[in-house]
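S.K.: Could you have a look at this structure, given as structure tokens, before my questions?
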Amino acid sequence: MGLLLSYSVRNLATRRMTTAFTVLGMALVVFVFAAVLMLAYGLEKTLVSTGSSDNIIVVRDAATSETVSILSRDQADIVETQSEIAAGGEGKPVAAKEIVVLISADKRKNGEAANVVIRGSAPEAFTLRPNVKLTAGRMFTRGTSEVIAGKSVAKNFEGCGLGEHVSFAGRDWDVVGVFDAGGSGFDSELWGDADQVQQAFRRPIYSSITARLRDPSSFDALKKRLETDPRMTVEVQREREYYAKQSQATAGFIRVIGITVTILFSLGAMIGAMITMYAAVASRTTEIATLRALGFPRFTVLRVFLAEAVVLGILGGVLGLLAASFLSFVTVSTTNFDTFSELAFSFSVSPSIAIGSLVFALAMGVIGGFLPAVRASRANIVNSLRGA
Amino acid sequence: MNIFGLILKNALRHRLRTMLTIGGIAVAILAFGLLRTVIAAWYAGVENAAPDRLVSRSKISITFTLPVAQKEKIARVPRVVGVTHGTWFGGIYKDPKNFFANIALESAESFAFFPELLVEPEALKAFAAERNAAIVGSALVDRFKWKIGDVIRLNGTIYPGDWDFVIRGIYRGRDEGTDVGTFYFNWNTIEQRMEQESPGRTGQIGWWIIKIDDPARAATISKAVDSEFDNSSDETLTETEAAFAQSFVAMSGTIITSLQIISLLIVGVILLVAANTMAMTARERISEYAVLKTLGFGPRHILGLIAGESLAIAALGGALGLLLLVPVIRGVGTALRAWFPAFPVAPATLITAAAAAVLVGVLAALFPSWRAVRVSIVDGLRRVD
């Protein structure tokens, strides 16, 4: 078999032009297939990493995003003072009562407007989210119109860089710091003082309360108690699950479109592989007949040609995946349909995407090579040899 | 036998290979057309915007509401012939997967602002008289198998609680691209319930829809409307309906760009498949071309033979792909209806796809023809297969 395999490989090398066309075609398909999955996965990964599994988030019942959630100050106080919530320094609960609003801001690149999240928050926000770190400047001062910007917002939006000013809700806000949230959704937000944001937007309400639990196992009890509390209609969720849900619409859309197109696309590449393999079989009629005359059984001949197709598939798969993996360095930013706000995220490879792409390439090779291989193995020895 | 006969005979010599190539091109043209349709669907709102309508929303962002009291001031702005309002309700029908737009309109008269929505007069009468009446798009009715008289319960995300509506009318679209996937109901329904449940949220609307008498002055009128509310607590941002729709398209700019890149890659793949076939074909027939040359046929004929065959294959593949496009788009449109209420096949898409097929036919023939034309008679005849 080793001999025959090297025969296949040498054959591909001899027909360089045709092999290159076929491999390139398959590589393109694998590239698109992998890129689409990486985009959807990158979006999900960003949002999943936004939430921490130790934290809970409380929003108004049925609110699909913090932007549409409304909790009164009284309700927020009730939530904050539950006994399950961990206590920090000075006995204050480790909880952040936050107000989240969307403002329309212009992108640096093309001046087009997109929605940016303004989170009116409290210093506890940093305790609750240890992955968020100030990288430049300083924290906003409470009681002033100062904000700090996530690194993606600072980079992508006009007036949001360190030392710049951004105006919204009738005020000019100074950007006094930039923070890195480790590639999570917070990188796409502006943070300021909750009281100041409430005043500026004349919304004396909170959108959500994020809190650390003293004991993670008390989640169910707390959830039940708060959700049945007659003074409010709230929904209590683990922060990680809450953010993970916010990738569904956009990631789902990317997948539906991407997979439909790549499946069609792969049909084209399979046909390309088939054409190449049929031509390979046709031009080697005599060789095949010679192999058979020497005593190689039909099944071996079938395997030889199938192996050739598999090699084509693997080459295409590896090449396509390699090209796609360079996309990991690319950060894109688009509106997340679930929250209606701009979100920056990177293409991201997962082991299952890598394996999936290679299997996909292999399948294209095998399906494209199977029928030609059958034809090769069925060749009539006498007629084929006579034709030479 | 004229040259067309020869091209046909040539194309049929490797029947299987020709069929496969045609199939490959058909599939790729199909994928290409599908992507172009998705891109076009994004712009449906922009394409179908009326030039004589302005939209005014809160300057902060579209998620902020405006006070209903602004109406009088807007109506007094010169060249404004009518004002009404719409409000995003954001209700969920059973499951978030069933997403569709549900919008509260000021009154039955609001429909007069949208001549592209065809509504029966009885439906409008019910809309005005009954508090819970809804007028829904024909696409929604098809999607959920609704009929007139059905009670539809929406779970409010922005306005909490369960809201029951009765379908009193079904509207159809005047044009192919008209959005027929929206659920309209009377704004008073929200207002009355807010009066009882959260009085602080009454008198708020989502955006103003302003009809003007001269589309050419849209910019001036927009500025005049905005200046009415400058430095007030509710500043507005007024723009043409097309610009308003465009701002939503721009939000998904990245996704649209990626789709455009993919659609170009698809053309690249078809080109590879077709070029491969033509290269093989020409290589096998080099000696025949030499014979033709010996008989006195010029380079034009050789070129014609190869390009003709390539074009014939590409044209057949393209035609097949376009034929399949319409049923496939109908299927994909069903899968994507939560995202795109209108998913029509634009004539421009068909033309672009056809052009892509012809381009592939021409390009695939280039390299092999160049070789076939260049090869000297002696070299061509010397080759033995």
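By order in the structure tokens, chains are A, B, ...; within a chain, residues start at 1; ligands start at 1, following the order shown.
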What's around Thr331 (chain A) at 12 Å? Count only C-alpha atoms, leave out sequence neighbours fewer than 5 positions away in its own chain, and write the answer as a list in words.
M.R.: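 Near neighbours after the sequence-gap exclusion: Met38, Leu39, Gly42, Leu43, Thr46, Ser152, Lys155, Asn156, Gly183, Phe326, Leu343, Ala344, Phe345, Ser346, Phe347 and Ser348 of chain A; Thr254 of chain B.
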S.K.: Tell me, which residues of region 86-201 of chain B carry DSSP helix (DSSP H, G or I), written as a PyMOL selection string?
M.R.: chain B and resi 96-98+108-113+121-129+138-144+187-197+199-201
S.K.: Using only C-alpha atoms, find each residue in region 141-226 of chain B having at least one atom no more than 10 Å away from region 51-66 of chain B; report its shortest atom-to-atom pair and that distance in Å (one decimal), rows by chain then rising number, as JSON lines.
M.R.:
{"residue": "B:Arg201", "atom": "CA", "partner": "B:Thr65", "partner_atom": "CA", "distance": 9.7}
{"residue": "B:Gly203", "atom": "CA", "partner": "B:Leu66", "partner_atom": "CA", "distance": 8.3}
{"residue": "B:Gln204", "atom": "CA", "partner": "B:Leu66", "partner_atom": "CA", "distance": 5.5}
{"residue": "B:Ile205", "atom": "CA", "partner": "B:Leu66", "partner_atom": "CA", "distance": 5.3}
{"residue": "B:Gly206", "atom": "CA", "partner": "B:Thr65", "partner_atom": "CA", "distance": 4.8}
{"residue": "B:Trp207", "atom": "CA", "partner": "B:Arg57", "partner_atom": "CA", "distance": 4.7}
{"residue": "B:Trp208", "atom": "CA", "partner": "B:Ser56", "partner_atom": "CA", "distance": 4.9}
{"residue": "B:Ile209", "atom": "CA", "partner": "B:Val55", "partner_atom": "CA", "distance": 4.9}
{"residue": "B:Ile210", "atom": "CA", "partner": "B:Leu54", "partner_atom": "CA", "distance": 4.9}
{"residue": "B:Lys211", "atom": "CA", "partner": "B:Arg53", "partner_atom": "CA", "distance": 4.7}
{"residue": "B:Ile212", "atom": "CA", "partner": "B:Asp52", "partner_atom": "CA", "distance": 5.4}
{"residue": "B:Asp213", "atom": "CA", "partner": "B:Asp52", "partner_atom": "CA", "distance": 6.8}
{"residue": "B:Asp214", "atom": "CA", "partner": "B:Asp52", "partner_atom": "CA", "distance": 6.7}
{"residue": "B:Pro215", "atom": "CA", "partner": "B:Asp52", "partner_atom": "CA", "distance": 5.0}
{"residue": "B:Ala216", "atom": "CA", "partner": "B:Pro51", "partner_atom": "CA", "distance": 8.6}
{"residue": "B:Arg217", "atom": "CA", "partner": "B:Asp52", "partner_atom": "CA", "distance": 9.5}
{"residue": "B:Ala218", "atom": "CA", "partner": "B:Leu54", "partner_atom": "CA", "distance": 7.4}
{"residue": "B:Ala219", "atom": "CA", "partner": "B:Leu54", "partner_atom": "CA", "distance": 9.5}
{"residue": "B:Ile221", "atom": "CA", "partner": "B:Leu54", "partner_atom": "CA", "distance": 8.9}
{"residue": "B:Ser222", "atom": "CA", "partner": "B:Leu54", "partner_atom": "CA", "distance": 7.4}
{"residue": "B:Val225", "atom": "CA", "partner": "B:Ser56", "partner_atom": "CA", "distance": 8.4}
{"residue": "B:Asp226", "atom": "CA", "partner": "B:Ser56", "partner_atom": "CA", "distance": 8.3}
S.K.: Would you mind listing, as a PDB file with N, CA and C atoms, in the first residue's frame, all residues of chain A that have at least one atom within 8 Å of chain B, where only C-alpha atoms are what counts?
M.R.:
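File part-v9.pdb, as written:
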ATOM      1  N   THR A  18      -3.456  21.044 -12.607  1.00  0.00           N
ATOM      2  CA  THR A  18      -4.792  20.583 -12.248  1.00  0.00           C
ATOM      3  C   THR A  18      -4.912  20.373 -10.747  1.00  0.00           C
ATOM      4  N   PHE A  21      -5.284  23.768  -9.058  1.00  0.00           N
ATOM      5  CA  PHE A  21      -6.635  24.319  -9.235  1.00  0.00           C
ATOM      6  C   PHE A  21      -7.599  23.673  -8.243  1.00  0.00           C
ATOM      7  N   THR A  22      -7.526  22.347  -8.160  1.00  0.00           N
ATOM      8  CA  THR A  22      -8.476  21.627  -7.317  1.00  0.00           C
ATOM      9  C   THR A  22      -8.253  21.936  -5.845  1.00  0.00           C
ATOM     10  N   LEU A  24      -6.759  24.477  -4.512  1.00  0.00           N
ATOM     11  CA  LEU A  24      -7.074  25.876  -4.239  1.00  0.00           C
ATOM     12  C   LEU A  24      -8.591  26.067  -4.085  1.00  0.00           C
ATOM     13  N   GLY A  25      -9.326  25.418  -4.964  1.00  0.00           N
ATOM     14  CA  GLY A  25     -10.787  25.506  -4.896  1.00  0.00           C
ATOM     15  C   GLY A  25     -11.299  24.998  -3.561  1.00  0.00           C
ATOM     16  N   LEU A  28     -10.391  27.305  -0.643  1.00  0.00           N
ATOM     17  CA  LEU A  28     -11.273  28.474  -0.550  1.00  0.00           C
ATOM     18  C   LEU A  28     -12.555  28.122   0.193  1.00  0.00           C
ATOM     19  N   VAL A  29     -13.111  26.960  -0.142  1.00  0.00           N
ATOM     20  CA  VAL A  29     -14.353  26.547   0.505  1.00  0.00           C
ATOM     21  C   VAL A  29     -14.123  26.339   1.997  1.00  0.00           C
ATOM     22  N   VAL A  32     -13.790  29.662   3.824  1.00  0.00           N
ATOM     23  CA  VAL A  32     -15.062  30.334   4.114  1.00  0.00           C
ATOM     24  C   VAL A  32     -15.820  29.604   5.219  1.00  0.00           C
ATOM     25  N   ASP A  61     -38.341  41.326  34.872  1.00  0.00           N
ATOM     26  CA  ASP A  61     -38.805  40.113  34.213  1.00  0.00           C
ATOM     27  C   ASP A  61     -39.078  40.378  32.731  1.00  0.00           C
ATOM     28  N   ALA A  62     -38.675  39.420  31.874  1.00  0.00           N
ATOM     29  CA  ALA A  62     -38.910  39.464  30.434  1.00  0.00           C
ATOM     30  C   ALA A  62     -38.066  40.511  29.714  1.00  0.00           C
ATOM     31  N   ALA A  63     -37.191  41.220  30.422  1.00  0.00           N
ATOM     32  CA  ALA A  63     -36.321  42.170  29.729  1.00  0.00           C
ATOM     33  C   ALA A  63     -35.232  41.374  29.014  1.00  0.00           C
ATOM     34  N   THR A  64     -35.142  41.568  27.690  1.00  0.00           N
ATOM     35  CA  THR A  64     -34.187  40.773  26.933  1.00  0.00           C
ATOM     36  C   THR A  64     -32.782  41.367  27.002  1.00  0.00           C
ATOM     37  N   VAL A  68     -33.562  47.613  28.189  1.00  0.00           N
ATOM     38  CA  VAL A  68     -35.018  47.738  28.320  1.00  0.00           C
ATOM     39  C   VAL A  68     -35.490  47.390  29.725  1.00  0.00           C
ATOM     40  N   SER A  69     -34.549  47.081  30.594  1.00  0.00           N
ATOM     41  CA  SER A  69     -34.933  46.696  31.948  1.00  0.00           C
ATOM     42  C   SER A  69     -35.068  47.933  32.833  1.00  0.00           C
ATOM     43  N   LEU A 102     -28.264  53.409  25.796  1.00  0.00           N
ATOM     44  CA  LEU A 102     -27.543  53.406  24.520  1.00  0.00           C
ATOM     45  C   LEU A 102     -27.480  54.828  23.994  1.00  0.00           C
ATOM     46  N   ILE A 103     -26.309  55.241  23.535  1.00  0.00           N
ATOM     47  CA  ILE A 103     -26.229  56.524  22.848  1.00  0.00           C
ATOM     48  C   ILE A 103     -25.730  56.264  21.439  1.00  0.00           C
ATOM     49  N   SER A 104     -26.039  57.182  20.566  1.00  0.00           N
ATOM     50  CA  SER A 104     -25.596  57.056  19.197  1.00  0.00           C
ATOM     51  C   SER A 104     -24.276  57.833  19.070  1.00  0.00           C
ATOM     52  N   GLU A 112     -19.858  56.822  10.499  1.00  0.00           N
ATOM     53  CA  GLU A 112     -21.208  56.273  10.597  1.00  0.00           C
ATOM     54  C   GLU A 112     -21.588  56.100  12.061  1.00  0.00           C
ATOM     55  N   ALA A 113     -22.875  56.296  12.330  1.00  0.00           N
ATOM     56  CA  ALA A 113     -23.319  56.221  13.715  1.00  0.00           C
ATOM     57  C   ALA A 113     -23.580  54.773  14.118  1.00  0.00           C
ATOM     58  N   ALA A 114     -23.261  54.462  15.360  1.00  0.00           N
ATOM     59  CA  ALA A 114     -23.598  53.156  15.913  1.00  0.00           C
ATOM     60  C   ALA A 114     -23.963  53.379  17.373  1.00  0.00           C
ATOM     61  N   ASN A 115     -24.673  52.398  17.945  1.00  0.00           N
ATOM     62  CA  ASN A 115     -25.092  52.548  19.329  1.00  0.00           C
ATOM     63  C   ASN A 115     -24.010  52.060  20.281  1.00  0.00           C
ATOM     64  N   PHE A 168     -23.062  63.686  25.207  1.00  0.00           N
ATOM     65  CA  PHE A 168     -24.369  63.028  25.090  1.00  0.00           C
ATOM     66  C   PHE A 168     -25.213  63.488  26.253  1.00  0.00           C
ATOM     67  N   ALA A 169     -26.518  63.375  26.074  1.00  0.00           N
ATOM     68  CA  ALA A 169     -27.490  63.780  27.097  1.00  0.00           C
ATOM     69  C   ALA A 169     -27.228  65.199  27.587  1.00  0.00           C
ATOM     70  N   GLY A 170     -26.892  66.100  26.642  1.00  0.00           N
ATOM     71  CA  GLY A 170     -26.756  67.498  26.987  1.00  0.00           C
ATOM     72  C   GLY A 170     -25.532  67.861  27.820  1.00  0.00           C
ATOM     73  N   PHE A 253     -27.742  33.999  13.006  1.00  0.00           N
ATOM     74  CA  PHE A 253     -27.837  34.533  11.646  1.00  0.00           C
ATOM     75  C   PHE A 253     -26.579  34.194  10.847  1.00  0.00           C
ATOM     76  N   VAL A 256     -26.678  30.461   9.923  1.00  0.00           N
ATOM     77  CA  VAL A 256     -27.650  30.050   8.900  1.00  0.00           C
ATOM     78  C   VAL A 256     -27.134  30.430   7.513  1.00  0.00           C
ATOM     79  N   VAL A 261     -24.493  28.744   2.537  1.00  0.00           N
ATOM     80  CA  VAL A 261     -23.630  29.098   1.415  1.00  0.00           C
ATOM     81  C   VAL A 261     -22.481  28.108   1.274  1.00  0.00           C
ATOM     82  N   LEU A 264     -23.573  24.819  -0.426  1.00  0.00           N
ATOM     83  CA  LEU A 264     -23.691  24.987  -1.872  1.00  0.00           C
ATOM     84  C   LEU A 264     -22.301  25.052  -2.501  1.00  0.00           C
ATOM     85  N   PHE A 265     -21.494  25.868  -1.843  1.00  0.00           N
ATOM     86  CA  PHE A 265     -20.142  26.121  -2.235  1.00  0.00           C
ATOM     87  C   PHE A 265     -19.347  24.815  -2.344  1.00  0.00           C
ATOM     88  N   LEU A 267     -20.474  21.856  -2.840  1.00  0.00           N
ATOM     89  CA  LEU A 267     -20.909  21.056  -3.989  1.00  0.00           C
ATOM     90  C   LEU A 267     -20.052  21.413  -5.200  1.00  0.00           C
ATOM     91  N   GLY A 268     -19.833  22.705  -5.386  1.00  0.00           N
ATOM     92  CA  GLY A 268     -19.003  23.165  -6.495  1.00  0.00           C
ATOM     93  C   GLY A 268     -17.595  22.603  -6.413  1.00  0.00           C
ATOM     94  N   ALA A 269     -17.017  22.635  -5.203  1.00  0.00           N
ATOM     95  CA  ALA A 269     -15.652  22.143  -5.048  1.00  0.00           C
ATOM     96  C   ALA A 269     -15.584  20.639  -5.237  1.00  0.00           C
ATOM     97  N   ILE A 271     -17.471  18.906  -7.184  1.00  0.00           N
ATOM     98  CA  ILE A 271     -17.534  18.669  -8.617  1.00  0.00           C
ATOM     99  C   ILE A 271     -16.157  18.915  -9.227  1.00  0.00           C
ATOM    100  N   GLY A 272     -15.478  19.953  -8.735  1.00  0.00           N
ATOM    101  CA  GLY A 272     -14.129  20.229  -9.204  1.00  0.00           C
ATOM    102  C   GLY A 272     -13.211  19.041  -8.956  1.00  0.00           C
ATOM    103  N   MET A 274     -14.102  15.974  -8.593  1.00  0.00           N
ATOM    104  CA  MET A 274     -14.543  14.866  -9.441  1.00  0.00           C
ATOM    105  C   MET A 274     -13.979  14.996 -10.844  1.00  0.00           C
ATOM    106  N   ILE A 275     -14.025  16.218 -11.369  1.00  0.00           N
ATOM    107  CA  ILE A 275     -13.500  16.433 -12.718  1.00  0.00           C
ATOM    108  C   ILE A 275     -12.024  16.045 -12.759  1.00  0.00           C
ATOM    109  N   TYR A 278     -11.681  12.194 -12.432  1.00  0.00           N
ATOM    110  CA  TYR A 278     -12.082  11.485 -13.654  1.00  0.00           C
ATOM    111  C   TYR A 278     -10.987  11.614 -14.707  1.00  0.00           C
ATOM    112  N   VAL A 332     -13.335  42.395  14.633  1.00  0.00           N
ATOM    113  CA  VAL A 332     -14.383  43.065  13.883  1.00  0.00           C
ATOM    114  C   VAL A 332     -15.364  43.659  14.879  1.00  0.00           C
ATOM    115  N   SER A 333     -16.190  44.532  14.394  1.00  0.00           N
ATOM    116  CA  SER A 333     -17.137  45.157  15.291  1.00  0.00           C
ATOM    117  C   SER A 333     -18.425  45.359  14.520  1.00  0.00           C
ATOM    118  N   THR A 334     -19.519  44.918  15.116  1.00  0.00           N
ATOM    119  CA  THR A 334     -20.800  45.055  14.442  1.00  0.00           C
ATOM    120  C   THR A 334     -21.889  45.186  15.487  1.00  0.00           C
ATOM    121  N   THR A 335     -23.081  45.544  15.034  1.00  0.00           N
ATOM    122  CA  THR A 335     -24.180  45.666  15.979  1.00  0.00           C
ATOM    123  C   THR A 335     -24.693  44.292  16.358  1.00  0.00           C
ATOM    124  N   GLU A 342     -23.236  48.252  19.571  1.00  0.00           N
ATOM    125  CA  GLU A 342     -22.020  47.844  18.886  1.00  0.00           C
ATOM    126  C   GLU A 342     -21.195  46.925  19.786  1.00  0.00           C
TER     127      GLU A 342
END
S.K.: Which residue is closest to Leu37 (chain A)? Choose from A:Ser341, A:Asn110, A:Thr262, A:Ser283 and count only C-alpha atoms.
M.R.: A:Thr262
S.K.: Using only C-alpha atoms, determine which residues lie at most 12 Å from region 202-208 of chain A, disregarding the query and same-chain residues fewer than 3 positions distant; provide the list as a ChimeraX atom specification.
M.R.: /A:56-61,63-77,79-80,95-102,118-122,169-170,194-199,211,234-237,239,242 /B:64-65,158,200-201,233-234
S.K.: Let's have the selection written as a PDB file, in the first residue's frame, with C-alpha atoms.
M.R.:
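Below you can see again-v5.pdb, which holds the result:
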ATOM      1  CA  ILE A  56     -25.820  36.884  39.460  1.00  0.00           C
ATOM      2  CA  ILE A  57     -27.630  39.552  37.513  1.00  0.00           C
ATOM      3  CA  VAL A  58     -31.119  40.784  38.289  1.00  0.00           C
ATOM      4  CA  VAL A  59     -33.192  42.498  35.606  1.00  0.00           C
ATOM      5  CA  ARG A  60     -36.872  43.211  35.210  1.00  0.00           C
ATOM      6  CA  ASP A  61     -38.805  40.113  34.213  1.00  0.00           C
ATOM      7  CA  ALA A  63     -36.321  42.170  29.729  1.00  0.00           C
ATOM      8  CA  THR A  64     -34.187  40.773  26.933  1.00  0.00           C
ATOM      9  CA  SER A  65     -31.352  43.212  27.526  1.00  0.00           C
ATOM     10  CA  GLU A  66     -30.323  45.613  30.274  1.00  0.00           C
ATOM     11  CA  THR A  67     -31.308  48.545  28.057  1.00  0.00           C
ATOM     12  CA  VAL A  68     -35.018  47.738  28.320  1.00  0.00           C
ATOM     13  CA  SER A  69     -34.933  46.696  31.948  1.00  0.00           C
ATOM     14  CA  ILE A  70     -36.300  49.088  34.581  1.00  0.00           C
ATOM     15  CA  LEU A  71     -35.885  48.614  38.330  1.00  0.00           C
ATOM     16  CA  SER A  72     -36.860  51.308  40.804  1.00  0.00           C
ATOM     17  CA  ARG A  73     -34.358  52.454  43.392  1.00  0.00           C
ATOM     18  CA  ASP A  74     -36.442  50.747  46.105  1.00  0.00           C
ATOM     19  CA  GLN A  75     -36.446  47.462  44.248  1.00  0.00           C
ATOM     20  CA  ALA A  76     -32.696  47.708  43.709  1.00  0.00           C
ATOM     21  CA  ASP A  77     -32.183  48.243  47.437  1.00  0.00           C
ATOM     22  CA  VAL A  79     -32.119  43.040  45.959  1.00  0.00           C
ATOM     23  CA  GLU A  80     -28.877  44.452  47.277  1.00  0.00           C
ATOM     24  CA  ALA A  95     -23.109  44.442  44.312  1.00  0.00           C
ATOM     25  CA  ALA A  96     -23.316  47.056  41.588  1.00  0.00           C
ATOM     26  CA  LYS A  97     -26.576  48.808  40.864  1.00  0.00           C
ATOM     27  CA  GLU A  98     -26.192  49.945  37.291  1.00  0.00           C
ATOM     28  CA  ILE A  99     -28.074  51.942  34.695  1.00  0.00           C
ATOM     29  CA  VAL A 100     -27.461  51.030  31.080  1.00  0.00           C
ATOM     30  CA  VAL A 101     -28.442  53.286  28.187  1.00  0.00           C
ATOM     31  CA  LEU A 102     -27.543  53.406  24.520  1.00  0.00           C
ATOM     32  CA  ILE A 118     -23.144  53.775  28.602  1.00  0.00           C
ATOM     33  CA  ARG A 119     -23.038  51.979  31.924  1.00  0.00           C
ATOM     34  CA  GLY A 120     -23.648  54.132  34.971  1.00  0.00           C
ATOM     35  CA  SER A 121     -21.880  52.129  37.593  1.00  0.00           C
ATOM     36  CA  ALA A 122     -20.156  52.085  40.958  1.00  0.00           C
ATOM     37  CA  ALA A 169     -27.490  63.780  27.097  1.00  0.00           C
ATOM     38  CA  GLY A 170     -26.756  67.498  26.987  1.00  0.00           C
ATOM     39  CA  ALA A 194     -24.530  55.812  38.109  1.00  0.00           C
ATOM     40  CA  ASP A 195     -25.963  58.920  39.775  1.00  0.00           C
ATOM     41  CA  GLN A 196     -24.540  61.203  37.101  1.00  0.00           C
ATOM     42  CA  VAL A 197     -25.874  59.034  34.272  1.00  0.00           C
ATOM     43  CA  GLN A 198     -29.302  58.909  35.918  1.00  0.00           C
ATOM     44  CA  GLN A 199     -29.374  62.695  36.239  1.00  0.00           C
ATOM     45  CA  ALA A 211     -23.875  40.836  42.679  1.00  0.00           C
ATOM     46  CA  VAL A 234     -37.667  40.487  38.345  1.00  0.00           C
ATOM     47  CA  GLU A 235     -35.677  37.729  36.742  1.00  0.00           C
ATOM     48  CA  VAL A 236     -32.556  36.412  38.504  1.00  0.00           C
ATOM     49  CA  GLN A 237     -29.955  34.755  36.319  1.00  0.00           C
ATOM     50  CA  GLU A 239     -24.353  36.391  34.834  1.00  0.00           C
ATOM     51  CA  TYR A 242     -27.425  35.966  30.864  1.00  0.00           C
TER      52      TYR A 242
ATOM     53  CA  PHE B  64     -34.983  56.871  23.857  1.00  0.00           C
ATOM     54  CA  THR B  65     -38.607  57.953  23.575  1.00  0.00           C
ATOM     55  CA  ILE B 158     -40.180  46.999  26.993  1.00  0.00           C
ATOM     56  CA  GLY B 200     -44.400  57.945  34.660  1.00  0.00           C
ATOM     57  CA  ARG B 201     -44.266  56.326  31.250  1.00  0.00           C
ATOM     58  CA  SER B 233     -34.553  67.959  27.257  1.00  0.00           C
ATOM     59  CA  ASP B 234     -35.741  66.010  24.229  1.00  0.00           C
TER      60      ASP B 234
END
S.K.: Show which residues sit within 6 Å of region 372-374 of chain B, as an MDAnalysis selection string. Count only C-alpha atoms, and ignore same-chain residues fewer than 2 positions away.
M.R.: chainID B and resid 299 369:370
S.K.: Nearest residue to Asp187 (chain A) out of A:Leu306, A:Ile148, A:Ala324, A:Ala35, using only C-alpha atoms?
M.R.: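 Going through A:Leu306, A:Ile148, A:Ala324, A:Ala35 one by one, the smallest distance to Asp187 (chain A) is for A:Ile148.
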S.K.: Once DSSP has gone over the backbone, tell me which residues of region 122-295 of chain B are in strand (DSSP E), as a VMD selection string.
M.R.: chain B and resid 133 to 137 151 to 156 161 to 173 182 to 186 204 to 205 207 to 212 236 to 240
S.K.: For Thr294 (chain B), work out the shell of residues within 7 Å, counting only C-alpha atoms and skipping chain neighbours fewer than 3 positions away, then give it as a ChimeraX atom specification.
M.R.: /B:290-291,377
S.K.: Selection from above, C-alpha atoms, as a PDB file, in the first residue's frame, can you write it?
M.R.:
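Wrote it out as selection-v7.pdb, contents follow:
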ATOM      1  CA  ALA B 290      -2.433  22.187 -35.147  1.00  0.00           C
ATOM      2  CA  VAL B 291      -4.377  20.305 -37.821  1.00  0.00           C
ATOM      3  CA  ILE B 377       1.943  23.655 -36.001  1.00  0.00           C
TER       4      ILE B 377
END
S.K.: At what distance in Å, to one decimal, does CA of Met364 (chain A) lie from CA of Phe305 (chain A)?
M.R.: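 Atom-to-atom, CA of Phe305 (chain A) to CA of Met364 (chain A), that is 14.3 Å.
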S.K.: Which neighbours of Ser350 (chain A) fall inside 9 Å, counting only C-alpha atoms, when residues of the same chain fewer than 4 positions from it are skipped, and could you give them as a compact mmCIF listing (two decimals) with C-alpha atoms, in the first residue's frame?
M.R.:
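Output contents, as saved in selection.txt:
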# COMPACT_ATOMS: atom_id res chain seq x y z
CA MET A 38 -14.96 31.36 13.74
CA TYR A 41 -17.85 31.40 17.82
CA ALA A 354 -10.55 22.98 13.28
CA ILE A 355 -11.59 19.33 13.28
S.K.: What lies within 7 Å of Thr349 (chain B) using only C-alpha atoms, ignoring chain neighbours under 3 positions off, as an NGL selection string?
M.R.: :B and (33 or 36-37 or 345-346 or 352-353)
S.K.: Distance CA of Ala323 (chain A)-CA of Ala27 (chain A), one decimal place?
M.R.: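 For CA of Ala323 (chain A) relative to CA of Ala27 (chain A), the distance reads 8.6 Å.
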